[in-house]
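Below: the structure, in structure tokens.
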Amino acid sequence: MKKLESWKKEMTSKARKIFLNGIVQGVGFRPFVFKLAEELNIRGWVNNSSKGVTIHAEGENMDCFLQRLISDSPPLAKLLMVRSEEANFENFSSFHITRSEAQEDADVLISPDVATCQDCLQEMSDKNNRRFKYPFTNCTNCGPRYTIIRDVPYDRAQTTMSTFPMCESCAEEYQDPRDRRFHAQPVACEECGPKVQLLDSAGRSIPGMGIEQLVQGGILAVKGLGGFHLVCDAGNREAIERLRKRKERGAKPFALMVRSIEKARQEVLIDKKEEELLLSPAAPIVILERNLNQANLLPDNIAPGIHTLGIMLPYTPIHHLLFNGPYDFLIVTSANLSGRPLVYTNEEALTSLNGIADYFLVHDRDIYHPCDDSVIQFIGGEAVYLRRARGYVPLPISLTSSKLKKSILGLGGDLKNAFCLAAGQRAFVSQYLGDMESFETMERFQQELESFQRVVNVTPSVIAYDQHPNYQLTRFALEKEQPKISIQHHHAHLASVLGEWEISDPALGIICDGTGFGKDRCIWGFEVLYGNAASYERKGHLEYLPLPGGDAGAKHPVRMAYAYLKTLLTDEEWTKTLPLWQTLSPNERKILDRQLERNIQIFQTSSAGRLFDAVSGLLGICTEVTYEGQAAIELESMATLFFRQVNSGGENEETEDVSEYPYEIRLEGDEYILGVAPLFKAIVHDCLNGVSRGKIAYRFHRTIAGAITALSLKFQHNGHLALSGGVFQNKLLTEAVLQNLKDTNIKVIRSRALPPGDGGLAFGQVLIANEVL
């Protein structure tokens, strides 16, 4: 087997058998081959198989044919391998497309779902076209892929479209190699395809698409590509508040779907890279900063306390049809109750969403793989996945410089879970599945694990799992028959980044997140590690601080702040802080004092996430957490708004001194310890002297960025520094670290194809397990 880069040799044989592997099914590859063969007078055939695409080619222009197969392939295709061998000359008179072949050893990549293309949108808007306003218009260049496939090869019979026999007109398009719908497996029209239906809360059919109901302030459950969304008019404050309460959403921000880029610019700042991403076939949610230079029209309860909005463009025909209404912005949020998996069947929607949605826009094309929207933010000029799902899964991560010894399953973690199936030189990370905190999410995990194995053709012989003894997935692993390998959480983060960059030599990593079970049974989360997939050493960490109530205590940032200061300050210094605890009742303070004195339900943590939470609570920015990461996110927003004020030239006393707060780095044994007592003393001083929360928050971010920089420079290395963990989804912090290290000999590497948070954990687990085998 030859890599694409090796294709330089001119082919002189009159007959060749050509094998292509990668994303070559469902992307128009066979009609492309057919047209190219006709153009170059090549005769023979092409077909799909369980291993990709196979071509038998005869003719004099073989060298040009082979080169153009690679250089001119369809935009959605991705060639990973091309192999050619001599074949018997059979003297074909023409070139044709033959039936697909099923083989036992399947090895073909499935395309992610693709946003509706411009050609299909044009047809939908043409009153004379038979697909005018048809909600399921698609072609070879767009539409559902992964979410509807049951098995490979990617043919209609293997998808949830198998129950819709094509009408004569659709069949004619499907069978014509010159038509852009040739073998587009979901091809359909009003006559033969799926149908959309609007239902009221009692399940009765009513006319329309739900537009009138949205205008009147109703909440609509809409079945999309990978599951249901809950939708309402983003300009209607009351509707948003109703949705927030019914969904038990707390203060968590809602995503917005916007009619167009031009309309989005009224509310957010969009640069060229962000625009390209919004308009890309993947069409993810992109986190964008609000445009503060003009009057914002949208209600503030869309994203309370946040300086950003999550924006996406319509990516299915149904979405485009919904924008026939008078609004330009819609709330489009995943349809699930807090802590439960995404709803994706009509039956479940009508029961579990009853009382949340007022109306239901359903259809009869089944979803086989539930898949949430992907979320991306540009940090330091690079796209960073906050959630990797629709539009990107099931694309693999290629291991071009190594090969796995066995097929391995990495289970990931219990939070923001995505698992990884890997074999040979490919690792397939699943879509985001959520938190494994309920029976329903564990059921969904097992369902997806089983079906994903068929799609990627990997059956694991080894299981890698997180060392946390109380994880649901730890219990799941221990019940399995396969050999099992437990992996330290932050080691997996380090290995994941190094694996993406295909770096096998040991490197320094700074891993900052919320929770990871440490070797000393403490809660780690601000770790300086040196190592690779084979092994690691802990070279430093944030000093241990008391966390009342463990993970449950993370929902109360003020209590954390209280415990931190009670531990770090002298009695005299502590007494001065008493005016800062107005939000804590006397009884709460009494309980906390007793816990700290007697060490009851007090957990020691070096967590960076909890450090940010405590500062947020101390400043009164977030005193009670209603969604994961809220305290740190709101702290970042407060700091960023101050930073923008500084950069805009709005100089005043507040913007004069924005230097780092003091901290200490001390050596204890072989480890560097980041001490934060000086930091908290300085913050308390500023709080008591009326310094603005924005300025304190900004100086805190600068301080932590400075501490990360100082820790990395302690090792006098000229190699790579891997940054990983959910805290590096903080744009302000990460960009400050990158700026600090810009002129050093250190090359900073970050996750590129996976989230820096726990969504990238499973890939690292796989790589570490492979070294253990």
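Order determines the names: the first chain of the structure tokens is A, the second B, and so forth; residues in each chain are numbered 1 upward, and ligands are numbered 1 upward as they are shown.
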
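For stretch 119-199 of chain A, backbone-based DSSP labels the following residues as strand (DSSP E): Val196, Gln197, Leu198 and Leu199 of chain A.
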
Requested in this report: From a DSSP calculation on the backbone, collect every residue of stretch 521-763 of chain A in alpha helix (DSSP H) and output the set as a ChimeraX atom specification.
Outcome: /A:557-568,571-576,586-598,608-618,630-647,653-656,677-688,693-713,731-740,761-763

Query raised in the report: Hey, what's within 12 Å of stretch 114-126 of chain A if we count only C-alpha atoms and toss same-chain stuff fewer than 3 positions away? As a PyMOL selection string, please?
Result: chain A and resi 26-27+75-77+110-111+129-147+180-181+187+189-190+224-226+277-284+312-321+324+373+390-393

Query raised in the report: A:Leu404: which residues within 7 Å, counting only C-alpha atoms, same-chain residues fewer than 6 positions away excluded, as JSON, numbers by chain?
Result: {"A": [423, 424, 425, 770]}

Write the residues of the selection above to a file with all heavy atoms, as a short mmCIF file (atom, residue, chain, number, x, y, z; two decimals), in the first residue's frame.
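Final output, again24.cif:
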data_model
loop_
_atom_site.label_atom_id
_atom_site.label_comp_id
_atom_site.auth_asym_id
_atom_site.auth_seq_id
_atom_site.Cartn_x
_atom_site.Cartn_y
_atom_site.Cartn_z
N ALA A 423 -7.46 1.29 15.90
CA ALA A 423 -6.77 0.09 15.42
C ALA A 423 -5.88 0.50 14.26
O ALA A 423 -6.18 1.46 13.54
CB ALA A 423 -7.77 -0.98 14.97
N GLY A 424 -4.79 -0.23 14.09
CA GLY A 424 -3.89 0.08 12.98
C GLY A 424 -3.32 1.47 13.11
O GLY A 424 -2.66 1.81 14.10
N GLN A 425 -3.60 2.32 12.14
CA GLN A 425 -3.08 3.69 12.15
C GLN A 425 -4.20 4.73 12.20
O GLN A 425 -4.01 5.86 11.77
CB GLN A 425 -2.20 3.92 10.92
CG GLN A 425 -0.90 3.12 10.96
CD GLN A 425 0.00 3.44 9.79
OE1 GLN A 425 -0.31 3.08 8.65
NE2 GLN A 425 1.10 4.10 10.05
N ASN A 770 -1.52 1.54 24.50
CA ASN A 770 -0.72 0.90 23.46
C ASN A 770 0.73 0.72 23.90
O ASN A 770 1.39 -0.26 23.55
CB ASN A 770 -0.77 1.73 22.17
CG ASN A 770 -0.09 1.06 21.02
OD1 ASN A 770 -0.43 -0.06 20.62
ND2 ASN A 770 0.93 1.71 20.46
#

Report task. Please identify all polymer residues within 12 Å of A:Tyr174, counting only C-alpha atoms, omitting same-chain residues fewer than 2 positions from it, and present them as a PyMOL selection string. Result -> chain A and resi 28+31+138-140+155-156+165-172+176-189

Query raised in the report: Of the candidates A:Ile673, A:Met560, A:Ile591, A:Leu508, which shows the shortest atom-to-atom distance to A:Ala722, using only C-alpha atoms?
Result: A:Leu508

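With only C-alpha atoms as the atoms that count, the residue of A:Gln472, A:Asn61, A:Asn532, A:Ser438 with the shortest distance to A:Asp414 is A:Gln472.
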
**Report entry** A:Leu337 environment, 8 Å, only C-alpha atoms, sequence neighbours closer than 3 positions dropped, as a count of residues only
**Finding:** 4

Report summary line: The residue from A:Glu241, A:Asp686, A:Glu597, A:Asp233 with the smallest atom-to-atom distance to A:Ile331, counting only C-alpha atoms, is A:Asp233

Report task. Work out how far apart atom CA of A:Val222 and atom CA of A:Lys245 are and give it in Å to one decimal. Result ->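 Straight-line distance from atom CA of A:Val222 to atom CA of A:Lys245 works out to 18.8 Å.
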
Query raised in the report: For A:Asn417, which residue among A:Asn354, A:Thr441, A:Asn599, A:Ser374 is the nearest when counting only C-alpha atoms?
Result: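 So, comparing all the options, the nearest one is A:Thr441.
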
Query raised in the report: Hey, what's within 12 Å of A:Arg204 if we count only C-alpha atoms and toss same-chain stuff fewer than 6 positions away? As a ChimeraX atom specification, please?
Result: /A:197-198,350,358-362

Query raised in the report: What does the distance between atom CA of A:Asn91 and atom CA of A:Val53 come to in Å, to one decimal place?
Result: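 One can read the atom CA of A:Asn91 to atom CA of A:Val53 distance as 21.1 Å.
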
Query raised in the report: When distances are computed from only C-alpha atoms, which of A:Arg454, A:His717, A:Arg444, A:Arg666 shows the smallest separation from A:Tyr530?
Result: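 Checking each of A:Arg454, A:His717, A:Arg444, A:Arg666 against A:Tyr530, counting only C-alpha atoms, the winner is A:His717.
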